[in-house]
Amino acid sequence: MADMDSLTEALSAISVSTELVEQELKPHLDTLLAVLLEKRKGAAEEIASSGILPILAQSLRVKSPLTNQVALVVAEMAREAAVRDPCIDAGLVTVLVPLLNSADEELLLHTGRAIGRICFDNTAQQDQLVQCGVIPRLVAIMRENLENDPLVNVCLLALCNLADMDTTREALVEVGVAEVLTAQLKRATDAERRHIILEVLGSLGESDVLKLQFVESGVPEALSEMIRGLQGGSDPHDLCSIKIASNLIVSLLLGDESMQKCFGEGTGVVYRDVLSWLQSSNTQLQLSGALAIANFARNDSNCVKMLELGVVPHILTLLEQHVDEGDVSVQHAGLSALRNLAIPALLTRRTLSSETTVTLLLPGVSASNKVRMLEDGVTERIRTLLRSDMPPVQFKLLGTLRMMVDGQEDAAALLGKDEVLLARIIEWCEARDHAGVRGEANRLLAALIRHSRAPEVINAVTKADGVRHLISMATSEHLIMQNEALVALAIASAIDIASMQESFREAELLPTLQKMLDDPVGTVEFKFSALGLICSLANSSLMKEEMESLNLKETLNKLSGHSSTNVATQADTVLAMLSETS
């Protein structure tokens, strides 16, 4: 064991050295190394403050028998954060970088550790390393020393520290890093190494170009294989690896090309594994599986293929498992998957990850997809989720049901007559603490009438006290909701004005419409739809009487001169109807 007196003596001898003679310096370097390896407190700081760092840098400039030993001394010193800036000031990083071109694996190991520790958490130095061309060399070292685990780990750690930089990602695009990381991923047996590789992949996967390279190089398949090998165990490290790896796969599916390659027309290894995750007992895999299905469902042909392959029953079974005290994230993701599978033409689909949501505009799925989903029992089985008290689940459930009835008369009629469902919808129409739930509940209520056009549904909605919510919806600040409500009310009044008129009077529908028609900043779209509804209401003598009492003709006369031809014509039509019965 070396004592501190020996350290002081060795530092003094090195500091007065005029020539870098191996026989003279080696014993003193041995002393420094012994003290550092024993992790003596303050030893690294004493060495840095002794003034020998420039001498060590000079030693590294010329290849000599001392080079490996000096690099190791620097690497051990740099474990201490306090000595890193002095190492940089002494020019040690500058002289270490060229040593990465050595073929000596031991020197590469010491050099890599020294550089990595000195530049740790130092953005300026890390940027200089990238500018010096260190990235291609790190990848080359891993490629040339595939089975030298300590050396590969050093390179992986260096990449991990540099991976968040755009310049690093740009440099990696040209050097085939995907193949190297895939190879290392397949032979990573311990959790620590797996996590380093997964962290590197996660950071680099932010680049769309690298993301596609990863997919083409088999990274998703390697991740799937890793997950298969770790499933069933309870080791916390393995469970952590499963979580990171499955999230990574979901992230890789965010790119359209990447997603299509993984889907492989429904025969891809990754897609088949994702299906198995839906049936796993691991909640994290269930979540990632549902998110992945939602991302696969961004493409029309994928949706059709997945339904043919029977994906819907798996999602429904998964949702049913989490109804009572289940995982909200899994329910949300599962409903998102169903929603994407059901979205009609020219509406938005959502690209999902475990952290983020991005809206994309894509061509829609054909109505035949909805028919198949109905045959798979979607509308019946997801009604079990009505018990949920979680707003995110409620919001997704309402949206999914609305998409399911869009253009589907039978489904709308079936759900529209369900008293339990209607009662829950009405309850959510009054959700004061969650505007999204309230909005979706109102839109579903309107959709049931619009798409069923069934007297039984209109009667059920009226009985459930839903008319007042549709009237309130008609005054929404959102144009889409206004029009949906007005159309639903027009359909309801055209089909069964007798049963609706009393509700309309109690909810003060006509005064509300008149007020909005008189509004000079009201939209053309609203005025046109509102006049269409008034046309339907004019078929009721009770409603006509109210129109007279409100002097609605005055409002209509003003609108007959509206700059919009459609609005003016519609106003004239209503005026003619009222005049005929005057």
# chains A, B, ... in the order shown; residues from 1 in each chain; ligands from 1

$ residues_around --residues "Asp164 in chain A" --least-positions-apart "5" --cutoff "12 Å" --atoms "only C-alpha atoms" --output "list in words"
Asp121, Thr123, Gln126, Asp127, Val130, Ala158, Leu159, Arg169, Glu170, Leu172, Glu199, Val200, Leu201, Gly202, Ser203, Leu204, Gly205, Glu206 and Ser207 of chain A

$ residues_around --residues "Leu72 in chain A" --least-positions-apart "4" --cutoff "12 Å" --atoms "only C-alpha atoms" --output "VMD selection string"
chain A and resid 29 to 30 32 to 34 36 to 37 56 60 66 to 68 76 to 79 96 106 to 115 117

$ closest_residue --among "A:Glu216, A:Glu192, A:Glu506, A:Glu440" --to "Leu156 in chain A" --atoms "only C-alpha atoms"
A:Glu192

$ atom_distance --atom1 "CA of Ala140 in chain A" --atom2 "CA of Ala103 in chain A"
11.2 Å

$ atom_distance --atom1 "CA of Val274 in chain A" --atom2 "CA of Gly289 in chain A"
5.0 Å

$ residues_around --residues "range 177-186 of chain A" --least-positions-apart "6" --cutoff "8 Å" --atoms "only C-alpha atoms" --output "number ranges by chain"
A: 139, 142-143, 146, 194, 197, 201, 210, 213-214, 217-219, 222-223, 226

$ residues_around --residues "Thr317 in chain A" --least-positions-apart "2" --cutoff "10 Å" --atoms "only C-alpha atoms" --output "list in words"
Leu278, Gln279, Val312, Pro313, His314, Ile315, Leu319, Glu320, Gln321, His322, Gly334, Arg381 and Ile382 of chain A

$ write_last_selection --atoms "N, CA and C atoms" --output "compact mmCIF listing (two decimals), in the first residue's frame"
# COMPACT_ATOMS: atom_id res chain seq x y z
N LEU A 278 -51.02 -7.52 -25.38
CA LEU A 278 -52.40 -7.23 -24.96
C LEU A 278 -52.93 -8.32 -24.03
N GLN A 279 -52.39 -9.51 -24.18
CA GLN A 279 -52.86 -10.65 -23.39
C GLN A 279 -51.93 -10.97 -22.22
N VAL A 312 -59.71 -6.60 -32.41
CA VAL A 312 -60.69 -5.93 -31.55
C VAL A 312 -61.06 -6.74 -30.30
N PRO A 313 -61.37 -8.04 -30.41
CA PRO A 313 -61.69 -8.79 -29.19
C PRO A 313 -60.58 -8.74 -28.15
N HIS A 314 -59.32 -8.72 -28.59
CA HIS A 314 -58.21 -8.64 -27.63
C HIS A 314 -58.24 -7.31 -26.89
N ILE A 315 -58.53 -6.22 -27.60
CA ILE A 315 -58.59 -4.91 -26.95
C ILE A 315 -59.77 -4.85 -25.98
N LEU A 319 -59.71 -4.14 -21.98
CA LEU A 319 -60.47 -3.06 -21.33
C LEU A 319 -61.32 -3.60 -20.18
N GLU A 320 -61.93 -4.75 -20.40
CA GLU A 320 -62.80 -5.34 -19.36
C GLU A 320 -62.00 -5.71 -18.12
N GLN A 321 -60.74 -6.04 -18.30
CA GLN A 321 -59.90 -6.40 -17.16
C GLN A 321 -59.65 -5.20 -16.24
N HIS A 322 -59.77 -4.00 -16.78
CA HIS A 322 -59.39 -2.81 -16.02
C HIS A 322 -60.58 -1.92 -15.66
N GLY A 334 -56.35 1.74 -24.64
CA GLY A 334 -57.20 0.77 -25.33
C GLY A 334 -58.33 1.45 -26.09
N ARG A 381 -69.76 -4.37 -25.47
CA ARG A 381 -68.76 -4.69 -24.45
C ARG A 381 -68.13 -3.47 -23.80
N ILE A 382 -67.98 -2.37 -24.57
CA ILE A 382 -67.34 -1.23 -23.92
C ILE A 382 -68.31 -0.44 -23.05

$ residues_around --residues "range 543-546 of chain A" --least-positions-apart "3" --cutoff "12 Å" --atoms "only C-alpha atoms" --output "PyMOL selection string"
chain A and resi 493+497-498+500-506+508-511+514+533-540+549-553+574-575+577-582

$ select_by_dssp --residues "range 10-175 of chain A" --states "alpha helix (DSSP H)" --output "NGL selection string"
:A and (10-15 or 22-37 or 43-49 or 53-61 or 67-77 or 84-89 or 92-96 or 105-118 or 123-131 or 134-144 or 149-162 or 166-173)

$ residues_around --residues "Phe296 in chain A" --least-positions-apart "6" --cutoff "10 Å" --atoms "only C-alpha atoms" --output "PyMOL selection string"
chain A and resi 250+253-254+256+259-260+262-263+266+271+290+302-303+306+337+340-341+351-352

$ write_last_selection --atoms "all heavy atoms" --output "CSV table (one decimal), in the first residue's frame"
chain,number,residue,atom,x,y,z
A,250,VAL,N,-42.9,1.5,-29.0
A,250,VAL,CA,-44.0,2.5,-29.3
A,250,VAL,C,-43.4,3.7,-29.9
A,250,VAL,O,-44.0,4.3,-30.9
A,250,VAL,CB,-44.7,2.8,-28.0
A,250,VAL,CG1,-45.8,3.9,-28.2
A,250,VAL,CG2,-45.4,1.5,-27.5
A,253,LEU,N,-42.6,3.5,-33.5
A,253,LEU,CA,-43.8,3.4,-34.4
A,253,LEU,C,-44.3,4.8,-34.7
A,253,LEU,O,-45.3,4.9,-35.5
A,253,LEU,CB,-44.8,2.5,-33.7
A,253,LEU,CG,-44.5,1.1,-33.5
A,253,LEU,CD1,-45.7,0.4,-32.7
A,253,LEU,CD2,-44.2,0.4,-34.8
A,254,LEU,N,-43.8,5.8,-34.2
A,254,LEU,CA,-44.3,7.2,-34.4
A,254,LEU,C,-44.0,7.6,-35.9
A,254,LEU,O,-44.7,8.5,-36.4
A,254,LEU,CB,-43.7,8.2,-33.4
A,254,LEU,CG,-44.1,7.9,-32.0
A,254,LEU,CD1,-43.5,9.0,-31.1
A,254,LEU,CD2,-45.6,7.9,-31.8
A,256,ASP,N,-44.1,7.1,-39.9
A,256,ASP,CA,-44.9,6.3,-40.7
A,256,ASP,C,-44.2,5.2,-41.4
A,256,ASP,O,-44.7,4.0,-41.5
A,256,ASP,CB,-45.5,7.3,-41.8
A,256,ASP,CG,-46.6,8.2,-41.2
A,256,ASP,OD1,-47.1,7.9,-40.1
A,256,ASP,OD2,-46.9,9.2,-41.9
A,259,MET,N,-43.3,2.6,-38.8
A,259,MET,CA,-44.5,1.8,-38.4
A,259,MET,C,-44.9,0.8,-39.4
A,259,MET,O,-45.2,-0.4,-39.1
A,259,MET,CB,-45.7,2.8,-38.2
A,259,MET,CG,-47.0,2.2,-37.8
A,259,MET,SD,-48.1,2.0,-39.2
A,259,MET,CE,-48.5,3.7,-39.6
A,260,GLN,N,-44.9,1.1,-40.7
A,260,GLN,CA,-45.2,0.2,-41.7
A,260,GLN,C,-44.3,-1.0,-41.8
A,260,GLN,O,-44.7,-2.1,-42.0
A,260,GLN,CB,-45.3,0.9,-43.1
A,260,GLN,CG,-46.5,1.8,-43.3
A,260,GLN,CD,-47.8,1.0,-43.1
A,260,GLN,OE1,-48.4,1.0,-42.0
A,260,GLN,NE2,-48.3,0.3,-44.1
A,262,CYS,N,-42.6,-2.3,-39.4
A,262,CYS,CA,-42.9,-3.1,-38.2
A,262,CYS,C,-44.2,-3.9,-38.4
A,262,CYS,O,-44.3,-5.0,-37.9
A,262,CYS,CB,-42.9,-2.3,-36.9
A,262,CYS,SG,-41.3,-1.6,-36.4
A,263,PHE,N,-45.1,-3.3,-39.0
A,263,PHE,CA,-46.4,-3.9,-39.2
A,263,PHE,C,-46.3,-5.1,-40.2
A,263,PHE,O,-46.9,-6.2,-39.9
A,263,PHE,CB,-47.5,-2.9,-39.7
A,263,PHE,CG,-48.9,-3.5,-39.8
A,263,PHE,CD1,-49.5,-3.9,-38.7
A,263,PHE,CD2,-49.5,-3.7,-41.0
A,263,PHE,CE1,-50.8,-4.4,-38.7
A,263,PHE,CE2,-50.8,-4.2,-41.1
A,263,PHE,CZ,-51.4,-4.6,-40.0
A,266,GLY,N,-49.3,-7.2,-41.2
A,266,GLY,CA,-49.9,-8.0,-40.1
A,266,GLY,C,-49.1,-9.3,-39.8
A,266,GLY,O,-49.5,-10.0,-39.0
A,271,TYR,N,-45.4,-6.7,-34.7
A,271,TYR,CA,-46.8,-6.7,-34.6
A,271,TYR,C,-47.4,-7.9,-33.9
A,271,TYR,O,-48.2,-7.8,-33.0
A,271,TYR,CB,-47.5,-6.6,-36.0
A,271,TYR,CG,-49.0,-6.6,-35.9
A,271,TYR,CD1,-49.7,-5.6,-35.3
A,271,TYR,CD2,-49.7,-7.8,-36.3
A,271,TYR,CE1,-51.1,-5.6,-35.2
A,271,TYR,CE2,-51.1,-7.8,-36.2
A,271,TYR,CZ,-51.8,-6.7,-35.6
A,271,TYR,OH,-53.1,-6.8,-35.5
A,290,ALA,N,-51.4,-1.5,-26.3
A,290,ALA,CA,-52.5,-0.7,-26.8
A,290,ALA,C,-52.1,0.5,-27.5
A,290,ALA,O,-52.6,0.9,-28.5
A,290,ALA,CB,-53.4,-0.4,-25.6
A,302,ASN,N,-53.9,-0.8,-42.8
A,302,ASN,CA,-53.6,-1.5,-41.5
A,302,ASN,C,-54.8,-1.8,-40.7
A,302,ASN,O,-55.0,-2.9,-40.1
A,302,ASN,CB,-52.6,-0.7,-40.7
A,302,ASN,CG,-51.2,-0.6,-41.3
A,302,ASN,OD1,-51.0,-1.1,-42.4
A,302,ASN,ND2,-50.3,0.1,-40.6
A,303,CYS,N,-55.7,-0.8,-40.6
A,303,CYS,CA,-57.0,-1.0,-39.8
A,303,CYS,C,-57.8,-2.2,-40.4
A,303,CYS,O,-58.2,-3.0,-39.6
A,303,CYS,CB,-57.8,0.3,-39.9
A,303,CYS,SG,-57.1,1.7,-39.0
A,306,MET,N,-55.9,-5.4,-39.5
A,306,MET,CA,-56.0,-5.8,-38.1
A,306,MET,C,-57.3,-6.3,-37.7
A,306,MET,O,-57.4,-7.2,-36.9
A,306,MET,CB,-55.6,-4.6,-37.2
A,306,MET,CG,-54.1,-4.3,-37.2
A,306,MET,SD,-53.6,-3.1,-36.0
A,306,MET,CE,-54.2,-1.6,-36.7
A,337,ALA,N,-57.0,3.1,-29.1
A,337,ALA,CA,-56.8,2.2,-30.2
A,337,ALA,C,-58.1,1.9,-31.0
A,337,ALA,O,-58.2,1.9,-32.2
A,337,ALA,CB,-56.2,0.9,-29.7
A,340,ASN,N,-59.1,5.0,-33.1
A,340,ASN,CA,-58.4,5.1,-34.3
A,340,ASN,C,-58.8,4.1,-35.3
A,340,ASN,O,-58.9,4.3,-36.5
A,340,ASN,CB,-56.9,4.9,-34.1
A,340,ASN,CG,-56.2,6.2,-33.7
A,340,ASN,OD1,-56.8,7.2,-33.4
A,340,ASN,ND2,-54.9,6.2,-33.6
A,341,LEU,N,-59.2,2.9,-34.9
A,341,LEU,CA,-59.7,1.8,-35.8
A,341,LEU,C,-61.1,2.2,-36.4
A,341,LEU,O,-61.4,1.8,-37.5
A,341,LEU,CB,-59.9,0.5,-35.1
A,341,LEU,CG,-58.5,-0.2,-34.7
A,341,LEU,CD1,-58.8,-1.3,-33.7
A,341,LEU,CD2,-57.9,-0.8,-36.0
A,351,THR,N,-51.4,10.0,-33.0
A,351,THR,CA,-50.2,9.2,-32.9
A,351,THR,C,-49.8,9.2,-31.4
A,351,THR,O,-49.7,10.3,-30.8
A,351,THR,CB,-49.1,9.9,-33.6
A,351,THR,OG1,-49.4,10.0,-35.0
A,351,THR,CG2,-47.8,9.2,-33.5
A,352,LEU,N,-49.7,8.0,-30.8
A,352,LEU,CA,-49.5,7.9,-29.4
A,352,LEU,C,-48.2,7.4,-28.9
A,352,LEU,O,-47.6,6.5,-29.5
A,352,LEU,CB,-50.6,7.0,-28.8
A,352,LEU,CG,-52.1,7.5,-29.1
A,352,LEU,CD1,-53.0,6.4,-28.6
A,352,LEU,CD2,-52.3,8.8,-28.5

$ residues_around --residues "Thr31 in chain A" --least-positions-apart "3" --cutoff "8 Å" --atoms "only C-alpha atoms" --output "PyMOL selection string"
chain A and resi 2+6-7+10+27-28+34-35

$ select_by_dssp --residues "range 150-361 of chain A" --states "strand (DSSP E or B)" --output "PDB file with all heavy atoms, in the first residue's frame"
ATOM      1  N   THR A 348     -59.159  13.260 -37.908  1.00  0.00           N
ATOM      2  CA  THR A 348     -57.798  13.119 -37.406  1.00  0.00           C
ATOM      3  C   THR A 348     -57.620  11.830 -36.630  1.00  0.00           C
ATOM      4  O   THR A 348     -58.506  11.369 -35.928  1.00  0.00           O
ATOM      5  CB  THR A 348     -57.443  14.291 -36.474  1.00  0.00           C
ATOM      6  OG1 THR A 348     -58.412  14.368 -35.436  1.00  0.00           O
ATOM      7  CG2 THR A 348     -57.407  15.591 -37.232  1.00  0.00           C
ATOM      8  N   ARG A 349     -56.444  11.260 -36.786  1.00  0.00           N
ATOM      9  CA  ARG A 349     -56.041  10.146 -35.929  1.00  0.00           C
ATOM     10  C   ARG A 349     -54.941  10.639 -35.016  1.00  0.00           C
ATOM     11  O   ARG A 349     -54.206  11.573 -35.354  1.00  0.00           O
ATOM     12  CB  ARG A 349     -55.499   8.980 -36.769  1.00  0.00           C
ATOM     13  CG  ARG A 349     -56.595   8.198 -37.477  1.00  0.00           C
ATOM     14  CD  ARG A 349     -56.042   6.829 -37.884  1.00  0.00           C
ATOM     15  NE  ARG A 349     -57.069   6.051 -38.524  1.00  0.00           N
ATOM     16  CZ  ARG A 349     -57.299   6.069 -39.828  1.00  0.00           C
ATOM     17  NH1 ARG A 349     -56.578   6.819 -40.623  1.00  0.00           N
ATOM     18  NH2 ARG A 349     -58.250   5.333 -40.339  1.00  0.00           N
ATOM     19  N   ARG A 350     -54.786   9.969 -33.904  1.00  0.00           N
ATOM     20  CA  ARG A 350     -53.768  10.410 -32.960  1.00  0.00           C
ATOM     21  C   ARG A 350     -52.612   9.433 -32.935  1.00  0.00           C
ATOM     22  O   ARG A 350     -52.789   8.233 -32.862  1.00  0.00           O
ATOM     23  CB  ARG A 350     -54.352  10.566 -31.547  1.00  0.00           C
ATOM     24  CG  ARG A 350     -55.378  11.682 -31.513  1.00  0.00           C
ATOM     25  CD  ARG A 350     -55.862  11.952 -30.108  1.00  0.00           C
ATOM     26  NE  ARG A 350     -56.798  13.059 -30.102  1.00  0.00           N
ATOM     27  CZ  ARG A 350     -56.440  14.317 -29.992  1.00  0.00           C
ATOM     28  NH1 ARG A 350     -55.180  14.630 -29.897  1.00  0.00           N
ATOM     29  NH2 ARG A 350     -57.347  15.270 -29.985  1.00  0.00           N
ATOM     30  N   THR A 351     -51.408  10.019 -32.982  1.00  0.00           N
ATOM     31  CA  THR A 351     -50.175   9.247 -32.855  1.00  0.00           C
ATOM     32  C   THR A 351     -49.823   9.222 -31.381  1.00  0.00           C
ATOM     33  O   THR A 351     -49.673  10.270 -30.767  1.00  0.00           O
ATOM     34  CB  THR A 351     -49.053   9.932 -33.649  1.00  0.00           C
ATOM     35  OG1 THR A 351     -49.449  10.014 -35.008  1.00  0.00           O
ATOM     36  CG2 THR A 351     -47.768   9.154 -33.530  1.00  0.00           C
ATOM     37  N   LEU A 352     -49.661   8.039 -30.818  1.00  0.00           N
ATOM     38  CA  LEU A 352     -49.528   7.937 -29.377  1.00  0.00           C
ATOM     39  C   LEU A 352     -48.174   7.396 -28.947  1.00  0.00           C
ATOM     40  O   LEU A 352     -47.620   6.481 -29.531  1.00  0.00           O
ATOM     41  CB  LEU A 352     -50.618   7.013 -28.813  1.00  0.00           C
ATOM     42  CG  LEU A 352     -52.052   7.462 -29.108  1.00  0.00           C
ATOM     43  CD1 LEU A 352     -53.009   6.409 -28.596  1.00  0.00           C
ATOM     44  CD2 LEU A 352     -52.346   8.793 -28.463  1.00  0.00           C
ATOM     45  N   THR A 357     -48.872  13.079 -27.221  1.00  0.00           N
ATOM     46  CA  THR A 357     -49.925  12.835 -28.201  1.00  0.00           C
ATOM     47  C   THR A 357     -49.802  13.866 -29.311  1.00  0.00           C
ATOM     48  O   THR A 357     -49.794  15.050 -29.049  1.00  0.00           O
ATOM     49  CB  THR A 357     -51.320  12.962 -27.549  1.00  0.00           C
ATOM     50  OG1 THR A 357     -51.403  12.015 -26.493  1.00  0.00           O
ATOM     51  CG2 THR A 357     -52.401  12.649 -28.559  1.00  0.00           C
ATOM     52  N   VAL A 358     -49.747  13.428 -30.580  1.00  0.00           N
ATOM     53  CA  VAL A 358     -49.626  14.315 -31.731  1.00  0.00           C
ATOM     54  C   VAL A 358     -50.752  14.004 -32.698  1.00  0.00           C
ATOM     55  O   VAL A 358     -50.991  12.847 -33.024  1.00  0.00           O
ATOM     56  CB  VAL A 358     -48.273  14.103 -32.444  1.00  0.00           C
ATOM     57  CG1 VAL A 358     -48.148  15.050 -33.610  1.00  0.00           C
ATOM     58  CG2 VAL A 358     -47.127  14.295 -31.464  1.00  0.00           C
ATOM     59  N   THR A 359     -51.446  15.018 -33.155  1.00  0.00           N
ATOM     60  CA  THR A 359     -52.568  14.806 -34.062  1.00  0.00           C
ATOM     61  C   THR A 359     -52.115  14.863 -35.506  1.00  0.00           C
ATOM     62  O   THR A 359     -51.395  15.757 -35.901  1.00  0.00           O
ATOM     63  CB  THR A 359     -53.656  15.861 -33.814  1.00  0.00           C
ATOM     64  OG1 THR A 359     -54.048  15.790 -32.459  1.00  0.00           O
ATOM     65  CG2 THR A 359     -54.848  15.616 -34.708  1.00  0.00           C
ATOM     66  N   LEU A 360     -52.541  13.888 -36.298  1.00  0.00           N
ATOM     67  CA  LEU A 360     -52.208  13.813 -37.709  1.00  0.00           C
ATOM     68  C   LEU A 360     -53.469  13.779 -38.545  1.00  0.00           C
ATOM     69  O   LEU A 360     -54.470  13.205 -38.133  1.00  0.00           O
ATOM     70  CB  LEU A 360     -51.385  12.544 -38.001  1.00  0.00           C
ATOM     71  CG  LEU A 360     -50.043  12.421 -37.304  1.00  0.00           C
ATOM     72  CD1 LEU A 360     -49.437  11.090 -37.652  1.00  0.00           C
ATOM     73  CD2 LEU A 360     -49.114  13.542 -37.726  1.00  0.00           C
ATOM     74  N   LEU A 361     -53.456  14.351 -39.727  1.00  0.00           N
ATOM     75  CA  LEU A 361     -54.580  14.285 -40.650  1.00  0.00           C
ATOM     76  C   LEU A 361     -54.274  13.227 -41.688  1.00  0.00           C
ATOM     77  O   LEU A 361     -53.299  13.317 -42.412  1.00  0.00           O
ATOM     78  CB  LEU A 361     -54.783  15.635 -41.338  1.00  0.00           C
ATOM     79  CG  LEU A 361     -56.035  15.747 -42.206  1.00  0.00           C
ATOM     80  CD1 LEU A 361     -57.277  15.569 -41.352  1.00  0.00           C
ATOM     81  CD2 LEU A 361     -56.077  17.097 -42.906  1.00  0.00           C
TER      82      LEU A 361
END

$ closest_atom_pairs --of "range 144-211 of chain A" --to "range 98-101 of chain A" --cutoff "12 Å" --atoms "only C-alpha atoms" --output "Markdown table"
| residue | atom | partner | partner_atom | distance |
| --- | --- | --- | --- | --- |
| A:Glu144 | CA | A:Asn101 | CA | 11.8 |
| A:Leu151 | CA | A:Leu100 | CA | 11.5 |
| A:Val154 | CA | A:Leu100 | CA | 11.9 |
| A:Cys155 | CA | A:Leu100 | CA | 10.6 |

$ write_last_selection --atoms "C-alpha atoms" --output "CSV table (one decimal), in the first residue's frame"
chain,number,residue,atom,x,y,z
A,144,GLU,CA,-13.9,-3.7,-34.4
A,151,LEU,CA,-14.3,-1.5,-24.0
A,154,VAL,CA,-17.0,2.6,-22.3
A,155,CYS,CA,-18.0,3.6,-25.9

$ closest_residue --among "A:Lys305, A:Lys515, A:Arg450, A:Lys243" --to "Thr267 in chain A" --atoms "only C-alpha atoms"
A:Lys305

$ atom_distance --atom1 "CA of Leu386 in chain A" --atom2 "CA of Val371 in chain A"
22.3 Å
